[in-house]
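Pasting final_27.txt here (compact mmCIF, C-alpha atoms):
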```
# COMPACT_ATOMS: atom_id res chain seq x y z
CA MET A 25 57.42 93.09 42.23
CA LYS A 26 56.30 92.77 45.84
CA ARG A 27 59.62 91.08 46.61
CA ILE A 28 61.51 93.99 45.01
CA VAL A 29 59.52 96.57 46.99
CA ALA A 30 60.00 94.57 50.16
CA GLY A 31 63.72 94.31 49.46
CA VAL A 32 64.01 98.04 48.89
CA ALA A 33 62.11 98.65 52.14
CA VAL A 34 64.50 96.41 54.03
CA LEU A 35 67.46 98.25 52.54
CA LEU A 36 65.94 101.60 53.51
CA VAL A 37 65.32 100.44 57.08
CA ALA A 38 68.88 99.16 57.26
CA ALA A 39 70.22 102.43 55.93
CA VAL A 40 68.17 104.45 58.42
CA THR A 41 69.25 102.15 61.23
CA MET A 42 72.91 102.53 60.20
CA PHE A 43 72.57 106.34 60.01
CA THR A 44 70.87 106.48 63.41
CA SER A 45 73.58 104.28 64.88
CA CYS A 46 76.33 106.47 63.46
CA SER A 47 74.57 109.60 64.67
CA SER A 48 74.22 108.10 68.13
CA LYS A 49 77.92 107.33 68.25
CA GLU A 50 78.74 110.84 67.09
CA LYS A 51 76.27 112.56 69.47
CA LEU A 52 77.82 115.61 71.11
CA ASP A 53 76.25 118.22 73.36
CA ILE A 54 79.11 120.67 73.87
CA GLY A 55 82.19 121.27 71.74
CA LEU A 56 85.12 122.91 73.55
CA ALA A 57 87.60 124.67 71.26
CA MET A 58 90.74 125.96 72.97
CA PRO A 59 93.36 127.97 71.05
CA GLU A 60 96.66 126.40 72.04
CA THR A 61 98.70 124.44 74.58
CA HIS A 62 101.99 126.39 74.68
CA VAL A 63 100.42 128.70 77.27
CA GLU A 64 99.88 126.50 80.32
CA ARG A 65 96.54 127.97 81.36
CA TRP A 66 94.76 126.77 78.19
CA GLN A 67 95.51 123.16 79.04
CA LYS A 68 93.94 123.73 82.45
CA ASP A 69 90.94 125.51 80.91
CA GLY A 70 90.22 122.69 78.52
CA ALA A 71 90.49 120.02 81.20
CA ALA A 72 88.31 121.96 83.65
CA LEU A 73 85.62 122.70 81.06
CA LEU A 74 85.46 119.05 80.04
CA GLU A 75 85.22 117.91 83.65
CA ASP A 76 82.48 120.40 84.54
CA ALA A 77 80.43 119.67 81.41
CA THR A 78 80.63 115.93 82.03
CA ALA A 79 79.68 116.39 85.68
CA LYS A 80 76.43 118.05 84.56
CA GLY A 81 75.62 115.07 82.36
CA TYR A 82 76.58 116.54 79.00
CA THR A 83 78.61 114.75 76.36
CA ALA A 84 81.56 117.02 75.58
CA GLU A 85 84.80 117.00 73.65
CA VAL A 86 87.81 119.33 73.85
CA ALA A 87 90.20 120.20 71.04
CA TYR A 88 93.29 122.42 70.99
CA GLY A 89 94.07 124.52 67.92
CA ASP A 90 97.86 124.76 68.31
CA ALA A 91 97.64 128.52 67.59
CA ASP A 92 96.51 127.66 64.05
CA GLN A 93 93.12 129.12 63.17
CA SER A 94 92.61 126.87 60.15
CA LYS A 95 93.17 123.84 62.38
CA GLN A 96 90.76 125.17 65.00
CA ASN A 97 88.16 125.85 62.31
CA GLN A 98 88.37 122.21 61.21
CA GLN A 99 87.93 121.12 64.83
CA ILE A 100 84.85 123.31 65.22
CA GLU A 101 83.40 122.02 61.94
CA ASP A 102 83.89 118.53 63.34
CA PHE A 103 81.91 119.51 66.44
CA ILE A 104 79.14 120.84 64.17
CA THR A 105 79.12 117.59 62.16
CA LYS A 106 78.80 115.64 65.40
CA GLY A 107 75.62 117.53 66.22
CA ALA A 108 76.90 119.82 68.97
CA LYS A 109 74.17 121.97 70.47
CA LEU A 110 76.60 124.49 71.96
CA LEU A 111 80.16 125.61 71.37
CA ILE A 112 82.56 127.18 73.86
CA VAL A 113 85.32 128.81 71.82
CA GLY A 114 88.60 130.34 72.92
CA SER A 115 89.57 131.49 69.45
CA VAL A 116 93.02 131.83 67.91
CA ASN A 117 92.07 134.92 65.90
CA GLU A 118 89.27 136.56 63.91
CA GLY A 119 89.54 133.85 61.26
CA VAL A 120 87.15 131.82 63.41
CA VAL A 121 84.26 134.01 62.21
CA SER A 122 83.40 131.78 59.23
CA VAL A 123 82.74 128.68 61.35
CA ILE A 124 80.85 130.68 63.97
CA GLU A 125 78.60 131.74 61.10
CA ASP A 126 78.21 128.09 60.12
CA ALA A 127 77.25 127.25 63.70
CA GLY A 128 74.68 130.04 63.70
CA LYS A 129 73.05 128.66 60.57
CA GLU A 130 72.60 125.38 62.44
CA ASP A 131 71.11 127.19 65.47
CA ILE A 132 74.09 126.14 67.55
CA ILE A 133 74.75 128.42 70.53
CA THR A 134 78.27 129.86 70.72
CA ILE A 135 79.91 131.24 73.85
CA ALA A 136 83.13 133.17 73.25
CA TYR A 137 85.47 132.01 76.00
CA ASP A 138 88.00 134.47 77.44
CA ARG A 139 88.69 135.94 73.97
CA LEU A 140 86.08 138.10 72.30
CA ILE A 141 85.34 136.93 68.77
CA THR A 142 85.49 140.15 66.79
CA GLY A 143 83.90 140.76 63.40
CA SER A 144 80.90 138.53 64.10
CA ASP A 145 77.23 139.01 64.90
CA ASP A 146 76.50 135.28 64.95
CA TYR A 147 76.78 134.80 68.70
CA ASP A 148 75.43 136.51 71.80
CA TYR A 149 77.53 135.50 74.81
CA TYR A 150 81.05 136.10 76.08
CA ILE A 151 82.58 134.99 79.37
CA THR A 152 85.93 136.13 80.71
CA PHE A 153 87.65 137.89 83.58
CA ASP A 154 87.64 141.65 84.03
CA ASN A 155 90.62 142.12 81.73
CA PHE A 156 90.84 145.89 82.10
CA LYS A 157 91.29 145.28 85.83
CA VAL A 158 94.03 142.73 85.05
CA GLY A 159 95.94 145.54 83.39
CA GLN A 160 95.19 147.91 86.24
CA PHE A 161 96.73 145.41 88.66
CA GLN A 162 99.87 145.27 86.52
CA GLY A 163 100.12 149.05 86.28
CA ALA A 164 99.47 149.50 90.00
CA ALA A 165 102.19 146.95 90.82
CA ILE A 166 104.72 149.00 88.86
CA GLU A 167 103.44 152.22 90.43
CA LYS A 168 103.89 150.81 93.92
CA ALA A 169 107.22 149.04 93.36
CA LEU A 170 108.84 152.13 91.83
CA GLY A 171 107.21 154.58 94.24
CA LEU A 172 106.11 156.65 91.26
CA GLY A 173 104.06 159.01 93.38
CA SER A 174 107.27 160.54 94.76
CA VAL A 175 109.42 160.38 91.61
CA SER A 176 110.25 163.65 89.84
CA SER A 177 110.88 164.30 86.16
CA ASP A 178 114.44 165.32 87.07
CA ASN A 179 115.26 161.73 87.97
CA PRO A 180 112.72 159.55 86.13
CA LYS A 181 112.23 155.81 86.24
CA TYR A 182 112.64 153.82 83.03
CA ILE A 183 110.18 151.27 81.64
CA THR A 184 109.75 149.31 78.43
CA LEU A 185 106.41 148.01 77.21
CA PHE A 186 105.26 144.65 75.88
CA ALA A 187 101.75 143.65 74.82
CA GLY A 188 100.03 140.42 73.90
CA SER A 189 98.94 139.10 70.54
CA PRO A 190 97.56 141.70 68.14
CA THR A 191 94.85 139.20 67.16
CA ASP A 192 93.68 138.77 70.77
CA ASN A 193 91.24 141.51 71.77
CA ASN A 194 92.12 140.93 75.42
CA ALA A 195 95.62 142.29 74.76
CA ASN A 196 94.02 145.71 74.23
CA PHE A 197 92.19 145.58 77.56
CA PHE A 198 95.30 144.44 79.45
CA PHE A 199 97.41 147.23 77.98
CA ASP A 200 94.79 149.96 78.36
CA GLY A 201 94.17 148.94 81.96
CA ALA A 202 97.87 149.17 82.77
CA MET A 203 98.31 152.49 80.99
CA SER A 204 95.31 153.97 82.80
CA VAL A 205 97.56 153.79 85.87
CA LEU A 206 100.92 154.57 84.24
CA ARG A 207 99.97 157.22 81.67
CA PRO A 208 99.83 160.14 84.16
CA TYR A 209 103.41 159.45 85.23
CA VAL A 210 104.57 159.25 81.61
CA GLU A 211 102.84 162.53 80.80
CA LYS A 212 104.45 164.36 83.71
CA GLY A 213 107.88 162.92 82.91
CA SER A 214 108.49 160.85 86.03
CA LEU A 215 108.24 157.60 84.04
CA GLU A 216 110.12 157.43 80.75
CA ILE A 217 109.32 154.77 78.16
CA VAL A 218 112.29 153.13 76.46
CA GLY A 219 111.50 151.92 72.95
CA PRO A 220 108.10 152.24 71.25
CA ALA A 221 105.80 154.32 73.44
CA PRO A 222 102.09 153.84 72.74
CA LEU A 223 99.87 155.24 75.51
CA SER A 224 96.84 153.19 74.48
CA SER A 225 96.06 150.19 72.29
CA SER A 226 94.63 152.52 69.66
CA ASP A 227 98.02 154.19 69.07
CA ALA A 228 99.86 153.21 65.90
CA ASP A 229 102.92 152.14 67.91
CA PHE A 230 100.88 149.46 69.71
CA THR A 231 101.63 146.98 66.92
CA ARG A 232 105.36 147.49 67.57
CA ILE A 233 105.05 146.20 71.15
CA ALA A 234 102.53 143.43 70.41
CA THR A 235 103.67 139.79 70.47
CA GLU A 236 102.24 137.59 67.75
CA ASN A 237 100.36 134.56 69.11
CA TRP A 238 101.81 135.26 72.58
CA ARG A 239 105.04 133.58 71.46
CA PRO A 240 107.79 133.72 74.12
CA ASP A 241 110.56 133.38 71.53
CA LEU A 242 109.40 136.62 69.91
CA ALA A 243 109.27 138.42 73.27
CA LYS A 244 112.75 137.21 74.14
CA ALA A 245 114.15 138.30 70.78
CA ARG A 246 112.55 141.73 71.09
CA MET A 247 113.93 142.18 74.62
CA GLU A 248 117.41 141.21 73.40
CA ASN A 249 117.09 143.74 70.60
CA LEU A 250 116.06 146.45 73.05
CA LEU A 251 119.04 145.68 75.30
CA ASN A 252 121.38 146.07 72.35
CA ASN A 253 119.77 149.27 71.09
CA ASP A 254 117.22 151.58 72.78
CA ALA A 255 117.87 150.24 76.30
CA LYS A 256 121.64 149.93 75.95
CA GLY A 257 122.44 153.19 77.70
CA VAL A 258 119.90 153.02 80.52
CA VAL A 259 119.04 150.77 83.43
CA LEU A 260 115.45 149.63 83.18
CA ASP A 261 113.39 149.89 86.36
CA ALA A 262 110.35 148.01 85.04
CA VAL A 263 109.01 145.95 82.17
CA LEU A 264 105.27 145.80 81.50
CA ALA A 265 104.83 142.16 80.47
CA PRO A 266 101.25 141.06 79.75
CA ASN A 267 101.46 137.40 80.80
CA ASP A 268 103.70 134.92 82.60
CA THR A 269 104.97 133.07 79.53
CA LEU A 270 106.26 136.31 78.03
CA ALA A 271 107.49 137.59 81.41
CA ARG A 272 109.80 134.60 81.85
CA ALA A 273 111.13 134.94 78.31
CA ILE A 274 111.83 138.63 78.96
CA ILE A 275 113.55 137.84 82.27
CA GLU A 276 115.67 135.20 80.52
CA ALA A 277 116.85 137.84 78.04
CA LEU A 278 117.50 140.38 80.81
CA SER A 279 119.56 137.88 82.78
CA THR A 280 122.13 137.63 80.00
CA ASP A 281 122.88 141.36 80.27
CA ALA A 282 125.52 142.34 82.82
CA LYS A 283 123.30 145.12 84.17
CA TYR A 284 120.68 142.55 85.27
CA ASN A 285 122.67 139.36 85.85
CA THR A 286 121.65 138.91 89.49
CA VAL A 287 118.16 138.72 90.96
CA ASP A 288 118.49 141.96 92.89
CA LYS A 289 119.39 143.84 89.68
CA LEU A 290 116.37 142.70 87.68
CA PRO A 291 113.70 145.31 86.90
CA VAL A 292 110.13 144.93 88.11
CA VAL A 293 108.45 142.54 85.66
CA THR A 294 104.69 141.98 85.66
CA GLY A 295 102.77 138.92 84.51
CA GLN A 296 99.44 137.15 84.35
CA ASP A 297 97.93 133.64 84.61
CA GLY A 298 99.61 132.35 87.77
CA GLU A 299 101.70 129.77 85.91
CA ILE A 300 103.68 127.52 88.24
CA ALA A 301 107.04 128.53 86.77
CA SER A 302 106.22 132.18 87.38
CA ILE A 303 105.08 131.47 90.93
CA GLN A 304 108.54 130.00 91.43
CA TYR A 305 110.03 133.15 89.88
CA ILE A 306 107.97 135.32 92.23
CA ARG A 307 109.05 133.25 95.21
CA ASP A 308 112.68 133.64 94.14
CA GLY A 309 112.41 137.36 93.44
CA LYS A 310 112.83 137.16 89.66
CA GLN A 311 109.29 138.19 88.69
CA TYR A 312 107.52 140.86 90.70
CA MET A 313 103.89 139.78 90.36
CA THR A 314 101.26 137.94 88.37
CA VAL A 315 97.52 138.26 88.02
CA PHE A 316 95.75 135.02 88.83
CA LYS A 317 92.62 134.17 86.89
CA ASP A 318 91.37 130.96 88.43
CA THR A 319 90.44 128.92 85.39
CA ARG A 320 88.51 126.53 87.60
CA ASN A 321 86.08 129.35 88.36
CA LEU A 322 85.92 130.49 84.73
CA ALA A 323 85.26 126.95 83.51
CA THR A 324 82.56 126.42 86.13
CA ALA A 325 80.92 129.73 85.21
CA ALA A 326 81.10 128.93 81.49
CA ILE A 327 79.40 125.56 81.96
CA GLU A 328 76.76 127.16 84.22
CA LEU A 329 76.10 129.61 81.41
CA ALA A 330 75.97 126.80 78.86
CA ASP A 331 73.62 124.77 81.06
CA ALA A 332 71.19 127.69 81.43
CA LEU A 333 71.21 128.42 77.70
CA LEU A 334 70.68 124.79 76.72
CA LYS A 335 67.74 124.62 79.12
CA GLY A 336 66.29 127.89 77.84
CA GLU A 337 66.73 129.58 81.21
CA THR A 338 67.93 133.08 82.07
CA PRO A 339 71.58 132.78 83.14
CA ASN A 340 72.47 133.78 86.69
CA ILE A 341 76.18 133.14 87.07
CA LYS A 342 77.48 133.24 90.63
CA GLY A 343 80.58 135.39 91.02
CA ALA A 344 80.22 137.01 87.58
CA ARG A 345 79.14 140.55 86.69
CA LEU A 346 76.93 141.00 83.64
CA ASP A 347 78.15 143.71 81.25
CA GLU A 348 75.86 144.54 78.33
CA GLU A 349 77.63 147.71 77.17
CA THR A 350 81.39 147.24 76.83
CA TYR A 351 82.22 144.30 74.59
CA ASP A 352 81.65 145.22 70.95
CA THR A 353 82.54 142.68 68.26
CA GLY A 354 82.44 145.40 65.63
CA LYS A 355 79.05 144.08 64.56
CA LYS A 356 77.13 144.01 67.86
CA ILE A 357 77.42 144.30 71.63
CA VAL A 358 77.43 140.86 73.25
CA LYS A 359 76.29 139.95 76.74
CA SER A 360 79.46 139.51 78.75
CA TYR A 361 79.97 137.81 82.10
CA LEU A 362 83.07 139.05 83.94
CA LEU A 363 84.83 137.29 86.80
CA GLU A 364 87.23 138.96 89.23
CA PRO A 365 91.01 138.47 88.85
CA VAL A 366 93.39 138.34 91.84
CA ASN A 367 96.71 140.14 92.33
CA VAL A 368 99.53 137.77 93.37
CA THR A 369 102.89 138.81 94.83
CA LYS A 370 105.61 137.30 96.98
CA ASP A 371 103.55 138.29 100.02
CA ASN A 372 100.44 136.29 99.19
CA TYR A 373 101.32 133.58 96.63
CA GLN A 374 101.28 130.87 99.32
CA GLU A 375 97.72 131.65 100.37
CA ILE A 376 96.28 132.18 96.90
CA MET A 377 98.12 129.62 94.82
CA ILE A 378 99.00 126.84 97.28
CA ASP A 379 96.60 126.97 100.22
CA SER A 380 93.67 127.23 97.79
CA GLY A 381 94.67 123.88 96.29
CA TYR A 382 95.38 125.24 92.81
CA TYR A 383 98.95 123.99 93.15
CA SER A 384 100.53 121.73 95.74
CA ALA A 385 103.60 122.75 97.72
CA SER A 386 105.58 120.04 95.92
CA ASP A 387 104.86 121.74 92.58
CA LEU A 388 107.15 124.57 93.67
CA ASP A 389 110.11 122.28 94.40
```

Starting from the file, lay out its structure as C-alpha cells.
Amino acid sequence: MKRIVAGVAVLLVAAVTMFTSCSSKEKLDIGLAMPETHVERWQKDGAALLEDATAKGYTAEVAYGDADQSKQNQQIEDFITKGAKLLIVGSVNEGVVSVIEDAGKEDIITIAYDRLITGSDDYDYYITFDNFKVGQFQGAAIEKALGLGSVSSDNPKYITLFAGSPTDNNANFFFDGAMSVLRPYVEKGSLEIVGPAPLSSSDADFTRIATENWRPDLAKARMENLLNNDAKGVVLDAVLAPNDTLARAIIEALSTDAKYNTVDKLPVVTGQDGEIASIQYIRDGKQYMTVFKDTRNLATAAIELADALLKGETPNIKGARLDEETYDTGKKIVKSYLLEPVNVTKDNYQEIMIDSGYYSASDLD
C-alpha cells in the first residue's frame, strides 16, 4: 500500500512539474492584437509595440487578425490561455467584445489601441491620436486648397465624400472633424457635394460613403461608379478620403477618366497615415496631403501606459492628453490618452517623414 501511495505521489509531482514547465514555456505578459496587415501602418504598430514591450523586460507576442474578427478573437483567447496579464487590442470590429469580457473575468487589463471597443464595459483604457483633429486637418486642407473662403454659391466647388469602415469608431471622428470645417461652406452653397451628402456621421447617408474594412478595392469601385453616374457631368475639385490606402485607390480610379488623366487635372485628395506610397504621391503632386500619426510615439505611449498599469501606478504619459469625457463605448466612458497628429504636405514631407528618420530618402526612390 505504501508503495502505491508513494507511486501516486511521484506521478502527482511529475504531473505538477510537467504543468509548471508548460506554463513557464507559455508565460506571456502582454498580448498585442492588431487588426490587419493590408493597411501598412498596422504592421509598423505591431512591430513597434513588440519592440517597446520587450525593451521594458516584458514577454510579449503580436498577432494580426487579417480583418477577420473571429480570427482575432481566437488569437486573443490564445493570449489569455498563455497567461497574459495585459492585452493591447486594435480591434477589427465590435465582435471583439466577447473575448474582452473573457479577459475581464480573468482580471486581465485591456487597453483599446487606436480603435475604441464599443459595446463593452469590461475595460477602462483607450489610447489613440486626436482623431477629430485628424479630420479637421483634412477639412482645412480642402478649405485652403480650394480657397473656399472666397468662393460664392454662384460658382461653387465640387467635392465627393468617402469615409472609413462603418465598424471602426474612428471613422466617425475623422468624418465629423472634416465636416466641422466643410459644413459651413456646404450650407451656404459654395461647396457642393456630389453623390451621397451626409453632414455628420450620425446622418443616415453616412453608411453610403463608408468603406467596409477600409478596403481599397471597394473605394476604387465606388469612385468608378461615381465617375460614371453622379460625377459624370461635373469636374470634381476635391475628394475627402479618410486614409492613404483609400486615397491611392481613389486616385487610381480618377486617373482612368479623361477629365483627370494628368497630375495637374486631379482634384485635391486628402489622406492619413503617412504611408510611403502616399508620400511619393504627395511629392509627385498626385495626393494633396496626409495626416501623419507617428506610430512609434503611439506604441511607446501604449507600452508606458501598460507598464504603469501592470505596476499599479497612476499613468503619466508624456505627449498625451487625458480625456475622461469624450470616448463612450455605449456602456461607459473610458479613460482616453490622445496624442497629437501632424499635417503633411508637399511643403513639409521631407522634414517630417524623412529628416525625422521615419523613412529614409531611398524609400522614396

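Between atom CA of A:Gly171 and atom CA of A:Leu215 the separation is 10.7 Å.
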
Once you count all atoms listed in the file, what closest atom pair and distance in Å to one decimal does each residue of stretch 46-71 of chain A within 12 Å of stretch 326-345 of chain A have, with rows by chain and rising residue number, as a tab-separated table?
```
residue	atom	partner	partner_atom	distance
A:Asp53	CA	A:Leu334	CA	9.2
A:Ile54	CA	A:Ala330	CA	8.5
A:Gly55	CA	A:Ala330	CA	11.0
A:Leu56	CA	A:Ile327	CA	10.5
A:Asp69	CA	A:Ala326	CA	10.4
A:Gly70	CA	A:Ala326	CA	11.4
```

Coordinates-based distance that separates atom CA of A:Pro208 from atom CA of A:Asn179 (Å, one decimal): 16.0 Å

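Those residues that approach stretch 284-287 of chain A to within 12 Å, counting all atoms listed in the file, are A:Leu251, A:Lys256, A:Val258, A:Val259, A:Leu260, A:Asp261, A:Ala262, A:Ile274, A:Ile275, A:Glu276, A:Ala277, A:Leu278, A:Ser279, A:Thr280, A:Asp281, A:Ala282, A:Lys289, A:Leu290, A:Pro291, A:Val292, A:Val293, A:Tyr305, A:Ile306, A:Arg307, A:Asp308, A:Gly309, A:Lys310, A:Gln311, A:Tyr312; same-chain residues fewer than 2 positions away are not listed.
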
Gap from atom CA of A:Asp192 to atom CA of A:Asp102 - Å, one decimal: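 Computing it gives 23.7 Å between the two atoms.
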
Show me, as a tab-separated table, the residues of stretch 42-117 of chain A having an atom within 10 Å of stretch 294-297 of chain A, each with the closest atom pair and its distance in Å, using all atoms listed in the file.
```
residue	atom	partner	partner_atom	distance
A:Val63	CA	A:Asp297	CA	9.2
A:Glu64	CA	A:Asp297	CA	8.6
A:Arg65	CA	A:Asp297	CA	6.7
A:Trp66	CA	A:Asp297	CA	9.9
```
